[in-house]
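Here is protein.pdb, consisting of PDB, C-alpha atoms:
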MODEL        1
ATOM      1  CA  MET A   1       8.943   2.072 -19.669  1.00  0.00           C
ATOM      2  CA  SER A   2       8.186   3.626 -16.274  1.00  0.00           C
ATOM      3  CA  LYS A   3      10.600   3.961 -13.392  1.00  0.00           C
ATOM      4  CA  PRO A   4      11.247   0.781 -11.418  1.00  0.00           C
ATOM      5  CA  ILE A   5       9.528   0.622  -8.019  1.00  0.00           C
ATOM      6  CA  ARG A   6      12.071   0.911  -5.177  1.00  0.00           C
ATOM      7  CA  ILE A   7       9.864   1.794  -2.215  1.00  0.00           C
ATOM      8  CA  ILE A   8       6.565   0.165  -1.277  1.00  0.00           C
ATOM      9  CA  ALA A   9       4.615   1.924   1.453  1.00  0.00           C
ATOM     10  CA  GLY A  10       1.666   0.216   3.072  1.00  0.00           C
ATOM     11  CA  LEU A  11      -0.921   2.420   4.739  1.00  0.00           C
ATOM     12  CA  GLY A  12      -2.540   1.654   8.062  1.00  0.00           C
ATOM     13  CA  ASN A  13      -2.784   2.671  11.683  1.00  0.00           C
ATOM     14  CA  PRO A  14      -0.200   1.482  14.230  1.00  0.00           C
ATOM     15  CA  GLY A  15      -1.020  -0.645  17.236  1.00  0.00           C
ATOM     16  CA  GLU A  16      -2.684  -3.933  18.049  1.00  0.00           C
ATOM     17  CA  LYS A  17      -6.138  -2.290  18.189  1.00  0.00           C
ATOM     18  CA  TYR A  18      -6.039  -1.609  14.439  1.00  0.00           C
ATOM     19  CA  GLU A  19      -3.937  -4.552  13.272  1.00  0.00           C
ATOM     20  CA  ARG A  20      -6.661  -6.535  11.443  1.00  0.00           C
ATOM     21  CA  THR A  21      -8.979  -3.651  10.542  1.00  0.00           C
ATOM     22  CA  LEU A  22      -9.874  -3.103   6.897  1.00  0.00           C
ATOM     23  CA  HIS A  23      -8.094   0.267   6.937  1.00  0.00           C
ATOM     24  CA  ASN A  24      -4.832  -1.629   7.505  1.00  0.00           C
ATOM     25  CA  ALA A  25      -4.956  -3.609   4.251  1.00  0.00           C
ATOM     26  CA  GLY A  26      -1.865  -1.702   3.074  1.00  0.00           C
ATOM     27  CA  PHE A  27       0.066  -2.910   6.142  1.00  0.00           C
ATOM     28  CA  TRP A  28      -1.129  -6.471   5.409  1.00  0.00           C
ATOM     29  CA  PHE A  29       0.381  -6.210   1.944  1.00  0.00           C
ATOM     30  CA  VAL A  30       3.869  -5.050   2.982  1.00  0.00           C
ATOM     31  CA  ASP A  31       3.845  -7.557   5.863  1.00  0.00           C
ATOM     32  CA  ALA A  32       3.162 -10.323   3.312  1.00  0.00           C
ATOM     33  CA  LEU A  33       6.060  -9.086   1.137  1.00  0.00           C
ATOM     34  CA  ALA A  34       8.380  -9.027   4.153  1.00  0.00           C
ATOM     35  CA  ARG A  35       7.392 -12.597   5.072  1.00  0.00           C
ATOM     36  CA  LYS A  36       7.864 -13.870   1.517  1.00  0.00           C
ATOM     37  CA  TYR A  37      11.204 -12.148   0.911  1.00  0.00           C
ATOM     38  CA  GLY A  38      12.765 -12.463   4.375  1.00  0.00           C
ATOM     39  CA  GLY A  39      12.442  -8.859   5.533  1.00  0.00           C
ATOM     40  CA  SER A  40      12.274  -7.876   9.187  1.00  0.00           C
ATOM     41  CA  PHE A  41      10.689  -4.539  10.080  1.00  0.00           C
ATOM     42  CA  ARG A  42      12.342  -2.231  12.575  1.00  0.00           C
ATOM     43  CA  TYR A  43      11.226   1.157  13.825  1.00  0.00           C
ATOM     44  CA  GLU A  44      13.226   4.163  12.636  1.00  0.00           C
ATOM     45  CA  LYS A  45      12.567   7.285  14.676  1.00  0.00           C
ATOM     46  CA  LYS A  46      13.840   9.710  12.003  1.00  0.00           C
ATOM     47  CA  PHE A  47      11.128   8.435   9.634  1.00  0.00           C
ATOM     48  CA  ALA A  48       8.432   7.712  12.262  1.00  0.00           C
ATOM     49  CA  ALA A  49       8.030   4.430  10.378  1.00  0.00           C
ATOM     50  CA  ASP A  50       8.725   0.730  10.528  1.00  0.00           C
ATOM     51  CA  TYR A  51      10.808  -0.244   7.521  1.00  0.00           C
ATOM     52  CA  CYS A  52      12.992  -2.940   6.060  1.00  0.00           C
ATOM     53  CA  ARG A  53      14.858  -3.785   2.883  1.00  0.00           C
ATOM     54  CA  ILE A  54      14.100  -6.850   0.796  1.00  0.00           C
ATOM     55  CA  ASN A  55      15.583  -8.227  -2.375  1.00  0.00           C
ATOM     56  CA  LEU A  56      12.770  -8.542  -4.862  1.00  0.00           C
ATOM     57  CA  HIS A  57      13.485  -9.973  -8.300  1.00  0.00           C
ATOM     58  CA  GLY A  58      17.192  -9.105  -7.881  1.00  0.00           C
ATOM     59  CA  GLU A  59      16.546  -5.503  -6.771  1.00  0.00           C
ATOM     60  CA  ASP A  60      16.720  -3.838  -3.358  1.00  0.00           C
ATOM     61  CA  VAL A  61      13.270  -2.532  -2.386  1.00  0.00           C
ATOM     62  CA  TRP A  62      12.326  -0.657   0.789  1.00  0.00           C
ATOM     63  CA  LEU A  63       9.105  -1.567   2.591  1.00  0.00           C
ATOM     64  CA  VAL A  64       7.629   1.175   4.759  1.00  0.00           C
ATOM     65  CA  LYS A  65       4.805   1.267   7.312  1.00  0.00           C
ATOM     66  CA  PRO A  66       4.282   4.828   8.648  1.00  0.00           C
ATOM     67  CA  GLN A  67       3.667   4.700  12.413  1.00  0.00           C
ATOM     68  CA  SER A  68       2.133   8.174  12.574  1.00  0.00           C
ATOM     69  CA  TYR A  69      -1.506   7.156  11.984  1.00  0.00           C
ATOM     70  CA  MET A  70      -3.229   7.113   8.629  1.00  0.00           C
ATOM     71  CA  ASN A  71      -3.932  10.828   8.281  1.00  0.00           C
ATOM     72  CA  GLN A  72      -0.230  11.649   8.820  1.00  0.00           C
ATOM     73  CA  SER A  73       1.301   9.124   6.414  1.00  0.00           C
ATOM     74  CA  GLY A  74       2.891  11.694   4.104  1.00  0.00           C
ATOM     75  CA  GLY A  75       5.690  12.915   6.363  1.00  0.00           C
ATOM     76  CA  PRO A  76       7.223   9.483   7.017  1.00  0.00           C
ATOM     77  CA  ILE A  77       7.034   8.536   3.331  1.00  0.00           C
ATOM     78  CA  ARG A  78       8.584  11.867   2.289  1.00  0.00           C
ATOM     79  CA  GLY A  79      11.367  11.254   4.822  1.00  0.00           C
ATOM     80  CA  VAL A  80      12.249   7.842   3.359  1.00  0.00           C
ATOM     81  CA  LEU A  81      12.093   9.143  -0.227  1.00  0.00           C
ATOM     82  CA  ASP A  82      14.428  12.026   0.632  1.00  0.00           C
ATOM     83  CA  TYR A  83      16.850   9.943   2.698  1.00  0.00           C
ATOM     84  CA  TYR A  84      17.340   7.361  -0.044  1.00  0.00           C
ATOM     85  CA  ARG A  85      17.137   9.971  -2.837  1.00  0.00           C
ATOM     86  CA  LEU A  86      14.211   8.209  -4.464  1.00  0.00           C
ATOM     87  CA  THR A  87      11.648   9.909  -6.675  1.00  0.00           C
ATOM     88  CA  LEU A  88       7.872   9.799  -6.565  1.00  0.00           C
ATOM     89  CA  GLY A  89       7.968   7.647  -9.691  1.00  0.00           C
ATOM     90  CA  GLU A  90       9.730   4.911  -7.685  1.00  0.00           C
ATOM     91  CA  LEU A  91       6.984   4.771  -5.026  1.00  0.00           C
ATOM     92  CA  LEU A  92       4.108   2.294  -4.767  1.00  0.00           C
ATOM     93  CA  VAL A  93       1.513   2.973  -2.054  1.00  0.00           C
ATOM     94  CA  ALA A  94      -0.705   0.044  -1.011  1.00  0.00           C
ATOM     95  CA  HIS A  95      -4.007   1.037   0.593  1.00  0.00           C
ATOM     96  CA  ASP A  96      -7.560  -0.039   1.314  1.00  0.00           C
ATOM     97  CA  GLU A  97     -10.104   1.031  -1.307  1.00  0.00           C
ATOM     98  CA  ILE A  98     -13.787   1.273  -0.392  1.00  0.00           C
ATOM     99  CA  ASP A  99     -14.800   1.939  -4.007  1.00  0.00           C
ATOM    100  CA  LEU A 100     -13.727  -1.588  -4.989  1.00  0.00           C
ATOM    101  CA  PRO A 101     -15.384  -4.750  -3.690  1.00  0.00           C
ATOM    102  CA  PRO A 102     -13.291  -7.324  -1.822  1.00  0.00           C
ATOM    103  CA  GLY A 103     -11.702  -9.571  -4.413  1.00  0.00           C
ATOM    104  CA  THR A 104     -10.809  -6.662  -6.688  1.00  0.00           C
ATOM    105  CA  THR A 105      -7.333  -5.132  -6.784  1.00  0.00           C
ATOM    106  CA  ARG A 106      -6.203  -2.392  -9.123  1.00  0.00           C
ATOM    107  CA  LEU A 107      -3.029  -0.486  -9.875  1.00  0.00           C
ATOM    108  CA  LYS A 108      -3.502   3.202 -10.580  1.00  0.00           C
ATOM    109  CA  GLN A 109      -0.949   5.833 -11.592  1.00  0.00           C
ATOM    110  CA  GLY A 110      -1.514   9.243 -10.004  1.00  0.00           C
ATOM    111  CA  GLY A 111      -4.879  10.852  -9.391  1.00  0.00           C
ATOM    112  CA  GLY A 112      -6.674  12.329  -6.418  1.00  0.00           C
ATOM    113  CA  HIS A 113      -7.198  11.013  -2.918  1.00  0.00           C
ATOM    114  CA  GLY A 114     -10.850   9.971  -3.295  1.00  0.00           C
ATOM    115  CA  GLY A 115     -11.517  10.895   0.336  1.00  0.00           C
ATOM    116  CA  HIS A 116      -8.753   8.585   1.648  1.00  0.00           C
ATOM    117  CA  ASN A 117      -6.972  10.503   4.419  1.00  0.00           C
ATOM    118  CA  GLY A 118      -3.710   8.611   4.020  1.00  0.00           C
ATOM    119  CA  LEU A 119      -3.532   9.417   0.310  1.00  0.00           C
ATOM    120  CA  ARG A 120      -4.559  13.015   1.024  1.00  0.00           C
ATOM    121  CA  ASP A 121      -1.580  13.480   3.347  1.00  0.00           C
ATOM    122  CA  ILE A 122       0.876  11.791   0.966  1.00  0.00           C
ATOM    123  CA  ILE A 123      -0.289  14.070  -1.855  1.00  0.00           C
ATOM    124  CA  ARG A 124       0.129  17.095   0.453  1.00  0.00           C
ATOM    125  CA  HIS A 125       3.723  16.116   1.360  1.00  0.00           C
ATOM    126  CA  CYS A 126       4.926  14.455  -1.837  1.00  0.00           C
ATOM    127  CA  GLY A 127       2.651  15.185  -4.795  1.00  0.00           C
ATOM    128  CA  ALA A 128       0.126  12.944  -6.537  1.00  0.00           C
ATOM    129  CA  GLU A 129       2.140  11.172  -9.244  1.00  0.00           C
ATOM    130  CA  PHE A 130       2.857   7.898  -7.494  1.00  0.00           C
ATOM    131  CA  LEU A 131       1.601   4.410  -8.214  1.00  0.00           C
ATOM    132  CA  ARG A 132      -1.199   3.074  -6.015  1.00  0.00           C
ATOM    133  CA  LEU A 133      -2.154  -0.500  -5.246  1.00  0.00           C
ATOM    134  CA  ARG A 134      -5.863  -0.291  -4.431  1.00  0.00           C
ATOM    135  CA  LEU A 135      -6.980  -3.264  -2.325  1.00  0.00           C
ATOM    136  CA  GLY A 136     -10.770  -3.526  -2.457  1.00  0.00           C
ATOM    137  CA  VAL A 137     -12.456  -3.728   0.950  1.00  0.00           C
ATOM    138  CA  GLY A 138     -15.998  -2.814  -0.122  1.00  0.00           C
ATOM    139  CA  HIS A 139     -18.328  -0.024   0.967  1.00  0.00           C
ATOM    140  CA  PRO A 140     -20.779  -0.117   3.883  1.00  0.00           C
ATOM    141  CA  GLY A 141     -23.489   1.439   1.699  1.00  0.00           C
ATOM    142  CA  GLU A 142     -23.753   4.866   3.317  1.00  0.00           C
ATOM    143  CA  LYS A 143     -21.128   7.611   3.411  1.00  0.00           C
ATOM    144  CA  ASP A 144     -21.546   8.332   7.140  1.00  0.00           C
ATOM    145  CA  MET A 145     -20.807   4.674   7.955  1.00  0.00           C
ATOM    146  CA  VAL A 146     -17.415   4.542   6.190  1.00  0.00           C
ATOM    147  CA  THR A 147     -15.197   5.453   9.164  1.00  0.00           C
ATOM    148  CA  ASN A 148     -16.706   2.827  11.470  1.00  0.00           C
ATOM    149  CA  TYR A 149     -16.634   0.282   8.654  1.00  0.00           C
ATOM    150  CA  VAL A 150     -12.914   0.607   7.810  1.00  0.00           C
ATOM    151  CA  LEU A 151     -11.872   0.771  11.467  1.00  0.00           C
ATOM    152  CA  LYS A 152     -13.215  -2.701  12.216  1.00  0.00           C
ATOM    153  CA  ARG A 153     -12.454  -6.201  11.006  1.00  0.00           C
ATOM    154  CA  GLY A 154     -14.165  -7.442   7.910  1.00  0.00           C
ATOM    155  CA  SER A 155     -16.124 -10.673   7.719  1.00  0.00           C
ATOM    156  CA  GLY A 156     -14.161 -13.878   7.247  1.00  0.00           C
ATOM    157  CA  GLU A 157     -15.200 -13.856   3.597  1.00  0.00           C
ATOM    158  CA  THR A 158     -13.972 -10.258   3.153  1.00  0.00           C
ATOM    159  CA  GLU A 159     -10.626 -10.976   4.829  1.00  0.00           C
ATOM    160  CA  ASP A 160     -10.146 -14.089   2.689  1.00  0.00           C
ATOM    161  CA  ALA A 161     -10.837 -12.039  -0.467  1.00  0.00           C
ATOM    162  CA  ILE A 162      -8.310  -9.382   0.592  1.00  0.00           C
ATOM    163  CA  GLU A 163      -5.691 -12.059   1.295  1.00  0.00           C
ATOM    164  CA  ARG A 164      -6.268 -13.500  -2.204  1.00  0.00           C
ATOM    165  CA  ASP A 165      -5.903  -9.960  -3.618  1.00  0.00           C
ATOM    166  CA  ILE A 166      -2.609  -9.592  -1.772  1.00  0.00           C
ATOM    167  CA  ASP A 167      -1.367 -12.866  -3.292  1.00  0.00           C
ATOM    168  CA  ASP A 168      -2.422 -11.676  -6.761  1.00  0.00           C
ATOM    169  CA  ALA A 169      -0.671  -8.321  -6.251  1.00  0.00           C
ATOM    170  CA  MET A 170       2.526 -10.022  -5.063  1.00  0.00           C
ATOM    171  CA  GLY A 171       2.517 -11.849  -8.387  1.00  0.00           C
ATOM    172  CA  VAL A 172       3.085  -8.594 -10.314  1.00  0.00           C
ATOM    173  CA  MET A 173       5.951  -7.319  -8.147  1.00  0.00           C
ATOM    174  CA  PRO A 174       8.635  -8.586 -10.579  1.00  0.00           C
ATOM    175  CA  GLU A 175       7.127  -6.427 -13.347  1.00  0.00           C
ATOM    176  CA  LEU A 176       6.922  -3.411 -11.028  1.00  0.00           C
ATOM    177  CA  VAL A 177      10.557  -3.610  -9.906  1.00  0.00           C
ATOM    178  CA  ASP A 178      11.518  -3.874 -13.585  1.00  0.00           C
ATOM    179  CA  GLY A 179       9.553  -0.686 -14.358  1.00  0.00           C
ATOM    180  CA  GLU A 180       6.987  -2.574 -16.453  1.00  0.00           C
ATOM    181  CA  ILE A 181       3.931  -0.829 -14.966  1.00  0.00           C
ATOM    182  CA  ASN A 182       1.654  -1.461 -17.965  1.00  0.00           C
ATOM    183  CA  ALA A 183       2.527  -5.163 -18.012  1.00  0.00           C
ATOM    184  CA  ALA A 184       1.830  -5.378 -14.266  1.00  0.00           C
ATOM    185  CA  MET A 185      -1.534  -3.639 -14.724  1.00  0.00           C
ATOM    186  CA  LYS A 186      -2.523  -5.933 -17.581  1.00  0.00           C
ATOM    187  CA  LYS A 187      -1.550  -9.048 -15.613  1.00  0.00           C
ATOM    188  CA  LEU A 188      -3.316  -7.945 -12.407  1.00  0.00           C
ATOM    189  CA  HIS A 189      -6.424  -6.473 -14.004  1.00  0.00           C
ATOM    190  CA  THR A 190      -7.080  -9.487 -16.234  1.00  0.00           C
ATOM    191  CA  LYS A 191      -6.387 -12.205 -13.642  1.00  0.00           C
ATOM    192  CA  ASP A 192     -10.012 -13.378 -13.800  1.00  0.00           C
TER     193      ASP A 192
ENDMDL
END
Show me, as structure tokens, the structure contained in the file I just sent.
Amino acid sequence: MSKPIRIIAGLGNPGEKYERTLHNAGFWFVDALARKYGGSFRYEKKFAADYCRINLHGEDVWLVKPQSYMNQSGGPIRGVLDYYRLTLGELLVAHDEIDLPPGTTRLKQGGGHGGHNGLRDIIRHCGAEFLRLRLGVGHPGEKDMVTNYVLKRGSGETEDAIERDIDDAMGVMPELVDGEINAAMKKLHTKD
């Protein structure tokens, strides 16, 4: 059995300008958890993050949205981990994933950053051995188009697929807070 998840960090960029962009899929996920479990985000200056506590499957879990922009996500997450004396094994990071099509969501333990600047900064500040929730947003087709692609809204069809992925991922949260990572992966990855 793995460690139970106690902190879920969603990655995104702060501000209304970025709110519904594909790069903010991680924020969408923690916002959905907060809505479902009655959490209310507040800004905490010492973390440079919006955060709240929810009770998920009988366990206290912290939801975190770094407000330092995507490429500086590591510092705020490190701050919350240290403050609450949580380990990297208790962290789930939800983020957009261009290497997966919309409608595909995967859990992944550890690994590299795959060119994702938010993951790169978390790895720099915290290490790489944390669980990732990869929310597929699709790829624009050419590498030099990626930045513009993720910093805009997706089509209605893409957004609907991401919202369905978020619902599917919320369905495995009980397993994750119980430390049943393999069971959560099996359930999520075989949903079709």
Requested in this report: Identify, on the basis of all atoms listed in the file, every residue whose closest approach to Asp82 in chain A does not exceed 12 Å; exclude the query and any residue fewer than 2 positions from it along the same chain; express the result as an NGL selection string.
Outcome: :A and (7 or 46-47 or 75-80 or 84-88 or 90-91 or 125-126)
Query raised in the report: Pick the closest to Arg53 in chain A from A:Lys17, A:Lys191, A:Arg35, A:His113: which is it, counting only C-alpha atoms?
Result: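 Checking each candidate against Arg53 in chain A, we get A:Arg35 as the closest.
Within 8 Å of Glu97 in chain A, once only C-alpha atoms are used and residues closer than 5 positions along the same chain are dropped, the contacting residues are A:Arg134, A:Leu135, A:Gly136, A:Val137, A:Gly138.
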Hey, can I get the axis-aligned box for range 16-23 of chain A? All listed atoms, 6 Å padding on each side, centre and edge lengths in Å to one decimal, as AutoDock Vina command-line options.
--center_x -6.3 --center_y -3.1 --center_z 12.5 --size_x 19.2 --size_y 18.8 --size_z 23.3
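Considering the residues A:Lys108, A:His116, A:Arg6, A:His23 and counting all atoms listed in the file, Phe130 in chain A has its shortest atom-to-atom contact with A:Lys108.
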For Pro102 in chain A, list every protein, DNA or RNA residue within 10 Å, evaluated using all atoms listed in the file, and leave out those in the same chain fewer than 3 positions away; present the list as a PDB file with C-alpha atoms, keeping the file's coordinate frame.
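Written file, out-v7.pdb:
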ATOM      1  CA  ASP A  96      -7.560  -0.039   1.314  1.00  0.00           C
ATOM      2  CA  GLU A  97     -10.104   1.031  -1.307  1.00  0.00           C
ATOM      3  CA  ILE A  98     -13.787   1.273  -0.392  1.00  0.00           C
ATOM      4  CA  ASP A  99     -14.800   1.939  -4.007  1.00  0.00           C
ATOM      5  CA  THR A 105      -7.333  -5.132  -6.784  1.00  0.00           C
ATOM      6  CA  LEU A 135      -6.980  -3.264  -2.325  1.00  0.00           C
ATOM      7  CA  GLY A 136     -10.770  -3.526  -2.457  1.00  0.00           C
ATOM      8  CA  VAL A 137     -12.456  -3.728   0.950  1.00  0.00           C
ATOM      9  CA  GLY A 138     -15.998  -2.814  -0.122  1.00  0.00           C
ATOM     10  CA  HIS A 139     -18.328  -0.024   0.967  1.00  0.00           C
ATOM     11  CA  GLY A 154     -14.165  -7.442   7.910  1.00  0.00           C
ATOM     12  CA  GLU A 157     -15.200 -13.856   3.597  1.00  0.00           C
ATOM     13  CA  THR A 158     -13.972 -10.258   3.153  1.00  0.00           C
ATOM     14  CA  GLU A 159     -10.626 -10.976   4.829  1.00  0.00           C
ATOM     15  CA  ASP A 160     -10.146 -14.089   2.689  1.00  0.00           C
ATOM     16  CA  ALA A 161     -10.837 -12.039  -0.467  1.00  0.00           C
ATOM     17  CA  ILE A 162      -8.310  -9.382   0.592  1.00  0.00           C
ATOM     18  CA  GLU A 163      -5.691 -12.059   1.295  1.00  0.00           C
ATOM     19  CA  ARG A 164      -6.268 -13.500  -2.204  1.00  0.00           C
ATOM     20  CA  ASP A 165      -5.903  -9.960  -3.618  1.00  0.00           C
TER      21      ASP A 165
END
Query raised in the report: Between CA of His189 in chain A and CA of Leu131 in chain A, what is the distance, to one decimal in Å?
Result: 14.7 Å
Requested in this report: Record the distance separating CA of Met173 in chain A and CA of Leu100 in chain A, expressed in Å with one decimal.
Outcome: 20.7 Å
Report task. Run the PyMOL selection byres ((chain A and resi 151) around 8) mentally over the shown coordinates, then write out the matched residues as a PyMOL selection string, using the chain letters and numbers from the document. Result -> chain A and resi 18+21-23+147-150+152-153
**Report entry** Gap from CA of Ile123 in chain A to CA of Val93 in chain A - Å, one decimal
**Finding:** 11.2 Å
Query - Contact residues around Lys186 in chain A with all atoms listed in the file at 10 Å, ignoring same-chain residues under 3 positions, as a ChimeraX atom specification - result: /A:106-107,172,181-183,189-191
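Closest approach to Asp168 in chain A among A:Leu11, A:His57, A:Arg124, A:Leu33: A:Leu33, based on only C-alpha atoms.
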**Report entry** Which of A:His95, A:Lys45, A:Arg120, A:Lys3 sits closest to Asn71 in chain A [using all atoms listed in the file]
**Finding:** A:Arg120
Requested in this report: Fewer than 2 positions away in the same chain doesn't count, so skip those; otherwise give me all residues within 9 Å of Trp28 in chain A, counting all atoms listed in the file, as a list in words.
Outcome: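 Those residues are Gly10, Leu11, Gly12, Glu19, Arg20, Asn24, Ala25, Gly26, Val30, Asp31, Ala32, Leu33, Glu163 and Ile166 of chain A.
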List the residues matched by the PyMOL selection byres ((chain A and resi 175) around 12) in the displayed structure as a PDB file with C-alpha atoms, in the frame of the given file, ordered by chain and then by residue number.
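Output contents, as saved in part.pdb:
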ATOM      1  CA  MET A   1       8.943   2.072 -19.669  1.00  0.00           C
ATOM      2  CA  SER A   2       8.186   3.626 -16.274  1.00  0.00           C
ATOM      3  CA  LYS A   3      10.600   3.961 -13.392  1.00  0.00           C
ATOM      4  CA  PRO A   4      11.247   0.781 -11.418  1.00  0.00           C
ATOM      5  CA  ILE A   5       9.528   0.622  -8.019  1.00  0.00           C
ATOM      6  CA  LEU A  56      12.770  -8.542  -4.862  1.00  0.00           C
ATOM      7  CA  HIS A  57      13.485  -9.973  -8.300  1.00  0.00           C
ATOM      8  CA  GLY A  58      17.192  -9.105  -7.881  1.00  0.00           C
ATOM      9  CA  GLU A  59      16.546  -5.503  -6.771  1.00  0.00           C
ATOM     10  CA  ALA A 169      -0.671  -8.321  -6.251  1.00  0.00           C
ATOM     11  CA  MET A 170       2.526 -10.022  -5.063  1.00  0.00           C
ATOM     12  CA  GLY A 171       2.517 -11.849  -8.387  1.00  0.00           C
ATOM     13  CA  VAL A 172       3.085  -8.594 -10.314  1.00  0.00           C
ATOM     14  CA  MET A 173       5.951  -7.319  -8.147  1.00  0.00           C
ATOM     15  CA  PRO A 174       8.635  -8.586 -10.579  1.00  0.00           C
ATOM     16  CA  LEU A 176       6.922  -3.411 -11.028  1.00  0.00           C
ATOM     17  CA  VAL A 177      10.557  -3.610  -9.906  1.00  0.00           C
ATOM     18  CA  ASP A 178      11.518  -3.874 -13.585  1.00  0.00           C
ATOM     19  CA  GLY A 179       9.553  -0.686 -14.358  1.00  0.00           C
ATOM     20  CA  GLU A 180       6.987  -2.574 -16.453  1.00  0.00           C
ATOM     21  CA  ILE A 181       3.931  -0.829 -14.966  1.00  0.00           C
ATOM     22  CA  ASN A 182       1.654  -1.461 -17.965  1.00  0.00           C
ATOM     23  CA  ALA A 183       2.527  -5.163 -18.012  1.00  0.00           C
ATOM     24  CA  ALA A 184       1.830  -5.378 -14.266  1.00  0.00           C
ATOM     25  CA  MET A 185      -1.534  -3.639 -14.724  1.00  0.00           C
ATOM     26  CA  LYS A 186      -2.523  -5.933 -17.581  1.00  0.00           C
ATOM     27  CA  LYS A 187      -1.550  -9.048 -15.613  1.00  0.00           C
ATOM     28  CA  LEU A 188      -3.316  -7.945 -12.407  1.00  0.00           C
TER      29      LEU A 188
END
Report task. Name the residues that the PyMOL selection byres ((chain A and resi 70) around 6) picks from the file above, as a PyMOL selection string, using the file's chain letters and numbers. Result -> chain A and resi 12-13+69+71-73+118
**Report entry** Which of A:Cys52, A:Gly103, A:Ser68, A:Ile122 sits closest to Gly15 in chain A [using all atoms listed in the file]
**Finding:**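 Looking only at the distances to Gly15 in chain A, the closest residue turns out to be A:Ser68.
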Query raised in the report: Quick one: of A:Tyr83, A:Trp62, A:Tyr43, A:Phe29, who's nearest to Pro14 in chain A, counting all atoms listed in the file?
Result: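 Comparing A:Tyr83, A:Trp62, A:Tyr43, A:Phe29 against Pro14 in chain A, the winner is A:Tyr43.
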